[in-house]
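Structure file query21.cif; described as mmCIF, C-alpha atoms, pLDDT in the B column; chains and numbers go by the auth columns.
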```cif
data_entry
#
loop_
_atom_site.group_PDB
_atom_site.id
_atom_site.type_symbol
_atom_site.label_atom_id
_atom_site.label_comp_id
_atom_site.label_asym_id
_atom_site.label_seq_id
_atom_site.Cartn_x
_atom_site.Cartn_y
_atom_site.Cartn_z
_atom_site.B_iso_or_equiv
_atom_site.auth_seq_id
_atom_site.auth_asym_id
ATOM 1 C CA THR A 1 103.702 58.699 -12.988 55.00 460 A
ATOM 2 C CA ILE A 2 104.535 55.113 -12.005 62.00 461 A
ATOM 3 C CA ARG A 3 102.620 52.552 -13.966 67.00 462 A
ATOM 4 C CA HIS A 4 102.213 49.020 -12.610 68.00 463 A
ATOM 5 C CA THR A 5 101.776 46.225 -15.121 76.00 464 A
ATOM 6 C CA PHE A 6 100.623 42.630 -14.702 71.00 465 A
ATOM 7 C CA THR A 7 101.610 39.550 -16.693 72.00 466 A
ATOM 8 C CA MET A 8 98.687 37.305 -17.506 71.00 467 A
ATOM 9 C CA THR A 9 99.003 33.634 -18.494 70.00 468 A
ATOM 10 C CA PRO A 10 95.734 32.030 -19.660 70.00 469 A
ATOM 11 C CA ILE A 11 94.788 28.876 -17.777 66.00 470 A
ATOM 12 C CA HIS A 12 94.810 26.783 -20.975 67.00 471 A
ATOM 13 C CA GLU A 13 98.525 27.500 -21.227 67.00 472 A
ATOM 14 C CA LEU A 14 99.096 26.460 -17.627 64.00 473 A
ATOM 15 C CA ILE A 15 97.227 23.161 -17.496 62.00 474 A
ATOM 16 C CA PRO A 16 96.362 20.564 -20.147 59.00 475 A
ATOM 17 C CA ASP A 17 92.612 20.193 -20.675 59.00 476 A
ATOM 18 C CA SER A 18 92.055 23.238 -18.476 54.00 477 A
ATOM 19 C CA SER A 19 88.289 23.075 -18.932 47.00 478 A
ATOM 20 C CA LEU A 20 88.270 20.272 -16.335 47.00 479 A
ATOM 21 C CA SER A 21 90.931 21.685 -14.017 58.00 480 A
ATOM 22 C CA LEU A 22 90.951 23.754 -10.869 64.00 481 A
ATOM 23 C CA MET A 23 93.984 25.706 -9.735 69.00 482 A
ATOM 24 C CA GLY A 24 95.421 24.841 -6.336 74.00 483 A
ATOM 25 C CA ARG A 25 98.504 26.256 -4.641 81.00 484 A
ATOM 26 C CA LEU A 26 101.611 28.143 -5.695 85.00 485 A
ATOM 27 C CA PHE A 27 105.094 27.375 -4.418 87.00 486 A
ATOM 28 C CA LEU A 28 108.322 29.237 -5.215 88.00 487 A
ATOM 29 C CA ASP A 29 111.453 27.213 -4.427 89.00 488 A
ATOM 30 C CA ARG A 30 114.874 28.567 -3.520 87.00 489 A
ATOM 31 C CA ALA A 31 116.046 28.440 -7.150 84.00 490 A
ATOM 32 C CA GLY A 32 113.163 30.676 -8.166 85.00 491 A
ATOM 33 C CA THR A 33 111.160 27.930 -9.896 86.00 492 A
ATOM 34 C CA LEU A 34 107.402 28.361 -9.681 86.00 493 A
ATOM 35 C CA TRP A 35 105.278 25.272 -8.999 87.00 494 A
ATOM 36 C CA VAL A 36 101.508 25.184 -9.409 84.00 495 A
ATOM 37 C CA THR A 37 99.143 22.458 -8.207 83.00 496 A
ATOM 38 C CA SER A 38 95.838 21.710 -9.834 80.00 497 A
ATOM 39 C CA SER A 39 93.176 19.028 -9.940 78.00 498 A
ATOM 40 C CA LYS A 40 95.220 17.464 -12.756 80.00 499 A
ATOM 41 C CA GLY A 41 98.640 17.315 -11.103 82.00 500 A
ATOM 42 C CA LEU A 42 101.760 19.401 -10.639 84.00 501 A
ATOM 43 C CA HIS A 43 103.014 22.058 -13.049 83.00 502 A
ATOM 44 C CA ARG A 44 106.459 23.699 -13.232 85.00 503 A
ATOM 45 C CA LEU A 45 107.211 27.054 -14.835 81.00 504 A
ATOM 46 C CA ASP A 46 110.523 27.647 -16.629 78.00 505 A
ATOM 47 C CA ARG A 47 110.853 31.345 -15.959 75.00 506 A
ATOM 48 C CA LYS A 48 113.433 31.813 -18.725 78.00 507 A
ATOM 49 C CA SER A 49 111.311 30.374 -21.517 79.00 508 A
ATOM 50 C CA GLY A 50 107.924 30.964 -19.913 76.00 509 A
ATOM 51 C CA ASN A 51 106.921 27.383 -20.651 78.00 510 A
ATOM 52 C CA PHE A 52 105.286 24.930 -18.261 79.00 511 A
ATOM 53 C CA SER A 53 106.177 21.278 -17.674 81.00 512 A
ATOM 54 C CA HIS A 54 103.317 19.068 -16.533 81.00 513 A
ATOM 55 C CA PHE A 55 103.364 16.106 -14.121 83.00 514 A
ATOM 56 C CA LEU A 56 99.948 14.500 -14.050 79.00 515 A
ATOM 57 C CA PHE A 57 98.453 12.375 -11.275 81.00 516 A
ATOM 58 C CA GLY A 58 98.877 8.632 -11.445 78.00 517 A
ATOM 59 C CA ALA A 59 101.603 6.274 -12.594 75.00 518 A
ATOM 60 C CA SER A 60 104.024 7.233 -15.356 74.00 519 A
ATOM 61 C CA ARG A 61 107.628 6.658 -16.320 73.00 520 A
ATOM 62 C CA GLN A 62 108.536 9.366 -13.766 74.00 521 A
ATOM 63 C CA GLY A 63 106.951 7.354 -10.953 75.00 522 A
ATOM 64 C CA TYR A 64 103.663 7.693 -9.103 78.00 523 A
ATOM 65 C CA LEU A 65 102.218 11.111 -8.245 80.00 524 A
ATOM 66 C CA PRO A 66 99.331 10.743 -5.748 76.00 525 A
ATOM 67 C CA LYS A 67 96.118 12.750 -5.998 78.00 526 A
ATOM 68 C CA GLY A 68 94.957 15.339 -3.510 77.00 527 A
ATOM 69 C CA ILE A 69 98.059 17.537 -3.238 81.00 528 A
ATOM 70 C CA THR A 70 97.662 20.182 -0.558 77.00 529 A
ATOM 71 C CA ASN A 71 101.158 21.553 0.158 83.00 530 A
ATOM 72 C CA MET A 72 104.780 21.450 -0.957 88.00 531 A
ATOM 73 C CA ILE A 73 108.085 22.133 0.755 90.00 532 A
ATOM 74 C CA GLU A 74 111.738 22.089 -0.243 91.00 533 A
ATOM 75 C CA ASP A 75 114.087 20.256 2.119 88.00 534 A
ATOM 76 C CA LEU A 76 117.677 21.091 3.051 83.00 535 A
ATOM 77 C CA ASN A 77 118.977 19.056 0.076 83.00 536 A
ATOM 78 C CA GLY A 78 116.755 20.757 -2.465 85.00 537 A
ATOM 79 C CA ASN A 79 114.271 17.886 -2.812 88.00 538 A
ATOM 80 C CA LEU A 80 110.660 18.828 -3.341 90.00 539 A
ATOM 81 C CA TRP A 81 108.196 17.122 -0.972 92.00 540 A
ATOM 82 C CA ILE A 82 104.470 16.949 -1.618 89.00 541 A
ATOM 83 C CA ASP A 83 101.708 15.968 0.791 86.00 542 A
ATOM 84 C CA SER A 84 98.471 14.364 -0.330 82.00 543 A
ATOM 85 C CA LYS A 85 95.547 12.191 0.692 79.00 544 A
ATOM 86 C CA SER A 86 97.608 9.108 -0.194 80.00 545 A
ATOM 87 C CA GLY A 87 100.911 9.695 1.587 84.00 546 A
ATOM 88 C CA ILE A 88 103.896 11.901 0.956 90.00 547 A
ATOM 89 C CA CYS A 89 105.876 12.125 -2.261 89.00 548 A
ATOM 90 C CA ARG A 90 109.444 13.175 -2.979 91.00 549 A
ATOM 91 C CA MET A 91 110.456 14.611 -6.330 87.00 550 A
ATOM 92 C CA ASP A 92 114.021 14.187 -7.530 82.00 551 A
ATOM 93 C CA ARG A 93 114.256 17.344 -9.584 77.00 552 A
ATOM 94 C CA LEU A 94 117.527 16.311 -11.221 78.00 553 A
ATOM 95 C CA HIS A 95 115.837 13.336 -12.903 79.00 554 A
ATOM 96 C CA GLY A 96 112.230 14.538 -12.729 78.00 555 A
ATOM 97 C CA THR A 97 111.068 11.399 -10.907 84.00 556 A
ATOM 98 C CA PHE A 98 108.640 10.827 -8.036 86.00 557 A
ATOM 99 C CA LYS A 99 108.630 8.382 -5.148 89.00 558 A
ATOM 100 C CA THR A 100 105.611 8.004 -2.869 87.00 559 A
ATOM 101 C CA TYR A 101 105.841 6.874 0.767 90.00 560 A
ATOM 102 C CA MET A 102 102.924 5.492 2.776 87.00 561 A
ATOM 103 C CA GLU A 103 102.712 4.649 6.446 85.00 562 A
ATOM 104 C CA PRO A 104 102.779 0.863 6.934 81.00 563 A
ATOM 105 C CA GLY A 105 99.469 -0.803 7.687 71.00 564 A
ATOM 106 C CA LYS A 106 97.369 2.022 6.237 63.00 565 A
ATOM 107 C CA PRO A 107 96.674 1.192 2.570 51.00 566 A
ATOM 108 C CA GLY A 108 94.412 3.807 1.042 51.00 567 A
ATOM 109 C CA GLY A 109 94.300 5.868 4.236 59.00 568 A
ATOM 110 C CA ASN A 110 97.544 7.810 4.289 75.00 569 A
ATOM 111 C CA LEU A 111 96.285 11.334 4.844 79.00 570 A
ATOM 112 C CA ALA A 112 99.153 13.830 5.019 82.00 571 A
ATOM 113 C CA LEU A 113 98.542 17.504 5.751 81.00 572 A
ATOM 114 C CA GLY A 114 100.934 20.377 6.348 83.00 573 A
ATOM 115 C CA LEU A 115 104.442 19.165 5.556 89.00 574 A
ATOM 116 C CA ILE A 116 107.296 20.870 7.346 90.00 575 A
ATOM 117 C CA ASP A 117 110.935 19.935 7.891 92.00 576 A
ATOM 118 C CA ASP A 118 112.910 20.447 11.083 92.00 577 A
ATOM 119 C CA ASP A 119 116.500 21.574 11.538 91.00 578 A
ATOM 120 C CA ASP A 120 117.744 17.963 11.351 91.00 579 A
ATOM 121 C CA GLY A 121 116.087 17.213 8.019 91.00 580 A
ATOM 122 C CA TYR A 122 113.151 15.146 9.278 93.00 581 A
ATOM 123 C CA ILE A 123 109.764 15.658 7.612 93.00 582 A
ATOM 124 C CA TRP A 124 106.727 16.200 9.856 92.00 583 A
ATOM 125 C CA TYR A 125 103.039 16.297 8.967 90.00 584 A
ATOM 126 C CA SER A 126 99.569 15.933 10.423 87.00 585 A
ATOM 127 C CA ASN A 127 98.049 12.505 9.750 85.00 586 A
ATOM 128 C CA GLY A 128 94.464 13.307 10.775 80.00 587 A
ATOM 129 C CA ARG A 129 94.884 11.677 14.218 81.00 588 A
ATOM 130 C CA GLY A 130 98.183 13.076 15.435 86.00 589 A
ATOM 131 C CA LEU A 131 101.618 13.678 13.931 88.00 590 A
ATOM 132 C CA THR A 132 103.993 11.661 11.794 90.00 591 A
ATOM 133 C CA ARG A 133 107.742 12.108 11.491 93.00 592 A
ATOM 134 C CA PHE A 134 109.433 10.732 8.382 94.00 593 A
ATOM 135 C CA ASP A 135 113.170 10.039 8.173 94.00 594 A
ATOM 136 C CA PRO A 136 114.192 10.611 4.516 92.00 595 A
ATOM 137 C CA ARG A 137 117.552 8.876 5.016 92.00 596 A
ATOM 138 C CA LEU A 138 116.196 5.631 6.485 92.00 597 A
ATOM 139 C CA GLU A 139 112.759 5.983 4.856 92.00 598 A
ATOM 140 C CA GLN A 140 111.077 5.219 8.166 92.00 599 A
ATOM 141 C CA PHE A 141 107.981 6.607 9.877 92.00 600 A
ATOM 142 C CA ARG A 142 107.387 7.383 13.532 91.00 601 A
ATOM 143 C CA ILE A 143 103.823 8.150 14.570 89.00 602 A
ATOM 144 C CA PHE A 144 102.746 10.292 17.540 89.00 603 A
ATOM 145 C CA GLU A 145 99.187 9.699 18.691 87.00 604 A
ATOM 146 C CA PRO A 146 96.928 11.926 20.844 86.00 605 A
ATOM 147 C CA VAL A 147 97.998 9.834 23.855 84.00 606 A
ATOM 148 C CA ASP A 148 101.536 11.144 23.199 85.00 607 A
ATOM 149 C CA GLY A 149 100.265 14.723 23.326 84.00 608 A
ATOM 150 C CA ALA A 150 99.739 15.234 19.577 84.00 609 A
ATOM 151 C CA SER A 151 96.060 16.026 20.065 81.00 610 A
ATOM 152 C CA MET A 152 95.538 19.125 17.913 83.00 611 A
ATOM 153 C CA GLY A 153 93.025 17.268 15.707 77.00 612 A
ATOM 154 C CA GLU A 154 92.805 17.426 11.932 77.00 613 A
ATOM 155 C CA GLY A 155 94.392 20.316 10.091 76.00 614 A
ATOM 156 C CA GLY A 156 97.513 21.274 8.191 73.00 615 A
ATOM 157 C CA VAL A 157 98.341 24.740 9.518 82.00 616 A
ATOM 158 C CA ARG A 158 101.966 24.683 10.676 87.00 617 A
ATOM 159 C CA CYS A 159 105.112 26.775 11.031 87.00 618 A
ATOM 160 C CA ARG A 160 108.623 26.663 12.513 90.00 619 A
ATOM 161 C CA SER A 161 109.823 29.167 15.086 90.00 620 A
ATOM 162 C CA ARG A 162 113.218 30.807 15.085 90.00 621 A
ATOM 163 C CA ASP A 163 114.447 28.507 17.850 92.00 622 A
ATOM 164 C CA GLY A 164 113.530 25.379 15.859 91.00 623 A
ATOM 165 C CA LYS A 165 110.249 24.509 17.545 92.00 624 A
ATOM 166 C CA LEU A 166 107.355 23.313 15.405 92.00 625 A
ATOM 167 C CA LEU A 167 103.768 24.498 15.689 89.00 626 A
ATOM 168 C CA PHE A 168 100.723 22.624 14.375 89.00 627 A
ATOM 169 C CA CYS A 169 97.146 23.844 14.537 87.00 628 A
ATOM 170 C CA GLY A 170 94.039 21.703 14.002 83.00 629 A
ATOM 171 C CA ASP A 171 90.349 21.699 14.764 84.00 630 A
ATOM 172 C CA LYS A 172 91.017 20.864 18.430 84.00 631 A
ATOM 173 C CA GLY A 173 93.778 23.317 19.227 85.00 632 A
ATOM 174 C CA LEU A 174 97.433 24.221 18.884 88.00 633 A
ATOM 175 C CA ILE A 175 100.514 22.239 19.883 88.00 634 A
ATOM 176 C CA ILE A 176 104.082 23.526 20.180 90.00 635 A
ATOM 177 C CA PHE A 177 107.038 21.184 20.591 91.00 636 A
ATOM 178 C CA ASP A 178 110.772 20.813 20.192 92.00 637 A
ATOM 179 C CA PRO A 179 111.269 18.002 17.626 90.00 638 A
ATOM 180 C CA ARG A 180 114.555 16.978 19.225 88.00 639 A
ATOM 181 C CA GLU A 181 112.957 16.554 22.631 88.00 640 A
ATOM 182 C CA VAL A 182 109.791 14.629 21.761 83.00 641 A
ATOM 183 C CA VAL A 183 111.688 11.842 20.008 76.00 642 A
ATOM 184 C CA LYS A 184 113.870 11.077 23.019 74.00 643 A
ATOM 185 C CA LYS A 185 113.017 7.772 24.646 67.00 644 A
ATOM 186 C CA ASN A 186 112.690 7.741 28.415 64.00 645 A
ATOM 187 C CA THR A 187 114.730 4.772 29.661 65.00 646 A
ATOM 188 C CA HIS A 188 114.200 5.565 33.355 69.00 647 A
ATOM 189 C CA VAL A 189 112.153 2.917 35.166 72.00 648 A
ATOM 190 C CA PRO A 190 110.480 4.671 38.117 74.00 649 A
ATOM 191 C CA PRO A 191 110.038 2.931 41.478 80.00 650 A
ATOM 192 C CA VAL A 192 106.523 1.713 42.270 77.00 651 A
ATOM 193 C CA PHE A 193 104.877 2.476 45.623 77.00 652 A
ATOM 194 C CA PHE A 194 101.668 0.859 46.883 77.00 653 A
ATOM 195 C CA THR A 195 99.371 3.502 48.374 82.00 654 A
ATOM 196 C CA ALA A 196 96.133 1.683 49.267 84.00 655 A
ATOM 197 C CA LEU A 197 94.617 -1.788 49.433 83.00 656 A
ATOM 198 C CA ARG A 198 90.972 -2.817 49.615 85.00 657 A
ATOM 199 C CA VAL A 199 89.381 -6.224 50.057 84.00 658 A
ATOM 200 C CA GLY A 200 85.729 -5.852 49.154 81.00 659 A
ATOM 201 C CA ASP A 201 84.562 -2.679 50.856 80.00 660 A
ATOM 202 C CA ARG A 202 87.152 -3.057 53.606 81.00 661 A
ATOM 203 C CA LYS A 203 90.324 -0.957 53.562 84.00 662 A
ATOM 204 C CA VAL A 204 93.361 -2.975 54.649 80.00 663 A
ATOM 205 C CA PRO A 205 96.258 -1.068 56.281 78.00 664 A
ATOM 206 C CA LEU A 206 99.395 -1.580 54.240 74.00 665 A
ATOM 207 C CA HIS A 207 101.497 -2.375 57.302 71.00 666 A
ATOM 208 C CA GLU A 208 99.350 -5.451 57.853 68.00 667 A
ATOM 209 C CA VAL A 209 100.308 -6.808 54.439 68.00 668 A
ATOM 210 C CA PHE A 210 103.972 -5.935 54.430 65.00 669 A
ATOM 211 C CA SER A 211 104.758 -7.052 57.975 55.00 670 A
ATOM 212 C CA GLN A 212 104.632 -10.250 60.093 45.00 671 A
ATOM 213 C CA ARG A 213 101.584 -9.121 62.085 45.00 672 A
ATOM 214 C CA ASP A 214 97.861 -9.706 62.040 42.00 673 A
ATOM 215 C CA GLN A 215 96.391 -11.437 58.985 38.00 674 A
ATOM 216 C CA ALA A 216 99.654 -11.595 57.022 38.00 675 A
ATOM 217 C CA LYS A 217 101.602 -14.743 57.735 47.00 676 A
ATOM 218 C CA GLU A 218 104.448 -13.888 55.357 49.00 677 A
ATOM 219 C CA VAL A 219 105.939 -10.599 54.186 56.00 678 A
ATOM 220 C CA GLY A 220 104.199 -9.278 51.058 63.00 679 A
ATOM 221 C CA LYS A 221 101.182 -11.632 51.248 69.00 680 A
ATOM 222 C CA ILE A 222 97.524 -11.252 52.114 74.00 681 A
ATOM 223 C CA ILE A 223 95.056 -13.994 53.048 74.00 682 A
ATOM 224 C CA LEU A 224 91.661 -13.830 51.346 77.00 683 A
ATOM 225 C CA ARG A 225 88.544 -15.488 52.797 79.00 684 A
ATOM 226 C CA PRO A 226 86.155 -17.456 50.526 81.00 685 A
ATOM 227 C CA ASN A 227 83.664 -14.580 50.526 81.00 686 A
ATOM 228 C CA ASP A 228 86.294 -11.961 49.580 80.00 687 A
ATOM 229 C CA ARG A 229 85.435 -11.442 45.933 80.00 688 A
ATOM 230 C CA MET A 230 87.159 -8.137 45.124 84.00 689 A
ATOM 231 C CA LEU A 231 90.748 -7.016 45.601 84.00 690 A
ATOM 232 C CA ALA A 232 91.771 -3.448 44.713 86.00 691 A
ATOM 233 C CA LEU A 233 95.338 -2.165 44.865 82.00 692 A
ATOM 234 C CA GLU A 234 96.342 1.454 44.310 85.00 693 A
ATOM 235 C CA PHE A 235 99.896 2.482 43.461 82.00 694 A
ATOM 236 C CA ALA A 236 101.995 5.429 42.396 83.00 695 A
ATOM 237 C CA ALA A 237 105.134 5.652 40.272 70.00 696 A
#
```

Write-out of the structure in structure tokens:
Amino acid sequence: TIRHTFTMTPIHELIPDSSLSLMGRLFLDRAGTLWVTSSKGLHRLDRKSGNFSHFLFGASRQGYLPKGITNMIEDLNGNLWIDSKSGICRMDRLHGTFKTYMEPGKPGGNLALGLIDDDDGYIWYSNGRGLTRFDPRLEQFRIFEPVDGASMGEGGVRCRSRDGKLLFCGDKGLIIFDPREVVKKNTHVPPVFFTALRVGDRKVPLHEVFSQRDQAKEVGKIILRPNDRMLALEFAA
């Protein structure tokens, strides 16, 4: 007969002042260290000794740990990244210190949901409006708004496919993208073509404007009468 056993750790051993705490998420890093979030902060289990180390929210000699932790990831260099309602936070596990990063111009409103890193080491997350990419080396943000196509809405459900694409799901839908492609800047300036011209409710043939005939006295000009109050020009690029 195979007997399965469970190891139980009381909550008062996990979290200081556990009567006022709620458990959050579990995260197991590549070294086998177990991390637990709670309404008090972040807690680390030493699996050899069975003891927990506690990192409480707020400022301390280790740095500032923001409240509202929702997820954690481990980057390619072994750093632990934490998302929160007040930005993203990196933990230097060698020294046990924290550093919080906030998007410029958004004091007190740095919502970060669903951290995930790409194959080049950039950190991505949902910011409640669209997506944000953070460069850990330069410590710089790049924001992608719904007008850029990052219109999945609010939500932190995310994953990375085998071919390196990232997927984010929110309350408005799902987006899939290649992180290397969306950050490329399009330097091509397309030619502009005029397609229609109206003066008031009168449609003006384009050849009359861009030729030496009829109402146009010079190439590329149009003569408006005093009672012509509206000019509409349509174009394509």

Extract, using all atoms listed in the file, all DNA, RNA and protein residues at most 10 Å from Gln599 of chain A, discarding same-chain residues fewer than 3 positions from it, and format them as a list in words.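 The neighbour list is Tyr560, Met561, Glu562, Pro563, Arg592, Phe593, Asp594, Pro595 and Arg596 of chain A.
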
Report as a tab-separated table (two decimals) with C-alpha atoms, in the frame of the given file the full result of the PyMOL selection byres ((chain A and resi 501) around 9) when it is applied to this structure.
```
chain	number	residue	atom	x	y	z
A	494	TRP	CA	105.28	25.27	-9.00
A	495	VAL	CA	101.51	25.18	-9.41
A	496	THR	CA	99.14	22.46	-8.21
A	497	SER	CA	95.84	21.71	-9.83
A	498	SER	CA	93.18	19.03	-9.94
A	499	LYS	CA	95.22	17.46	-12.76
A	500	GLY	CA	98.64	17.32	-11.10
A	502	HIS	CA	103.01	22.06	-13.05
A	503	ARG	CA	106.46	23.70	-13.23
A	512	SER	CA	106.18	21.28	-17.67
A	513	HIS	CA	103.32	19.07	-16.53
A	514	PHE	CA	103.36	16.11	-14.12
A	515	LEU	CA	99.95	14.50	-14.05
A	516	PHE	CA	98.45	12.38	-11.28
A	524	LEU	CA	102.22	11.11	-8.24
A	528	ILE	CA	98.06	17.54	-3.24
```

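The closest residue to Val641 of chain A, picked from A:Asp534, A:Asp607, A:Asp488, A:Glu613 and counting all atoms listed in the file, is A:Asp607.
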
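Shortest atom-to-atom contact with Cys548 of chain A among A:Leu535, A:His666, A:Asp505, A:Ala571: A:Ala571, counting all atoms listed in the file.
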
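Rounded to one decimal, atom CA of Gln521 of chain A and atom CA of Thr556 of chain A lie 4.3 Å from each other.
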
Give me the residues within 8 Å of Cys618 of chain A as a ChimeraX atom specification, counting only C-alpha atoms and dropping any in the same chain fewer than 6 places off. /A:575,625-627

Between A:Leu597, A:Ile682, A:Ile547, A:Leu656, which is the closest to Trp583 of chain A once you count all atoms listed in the file? A:Ile547
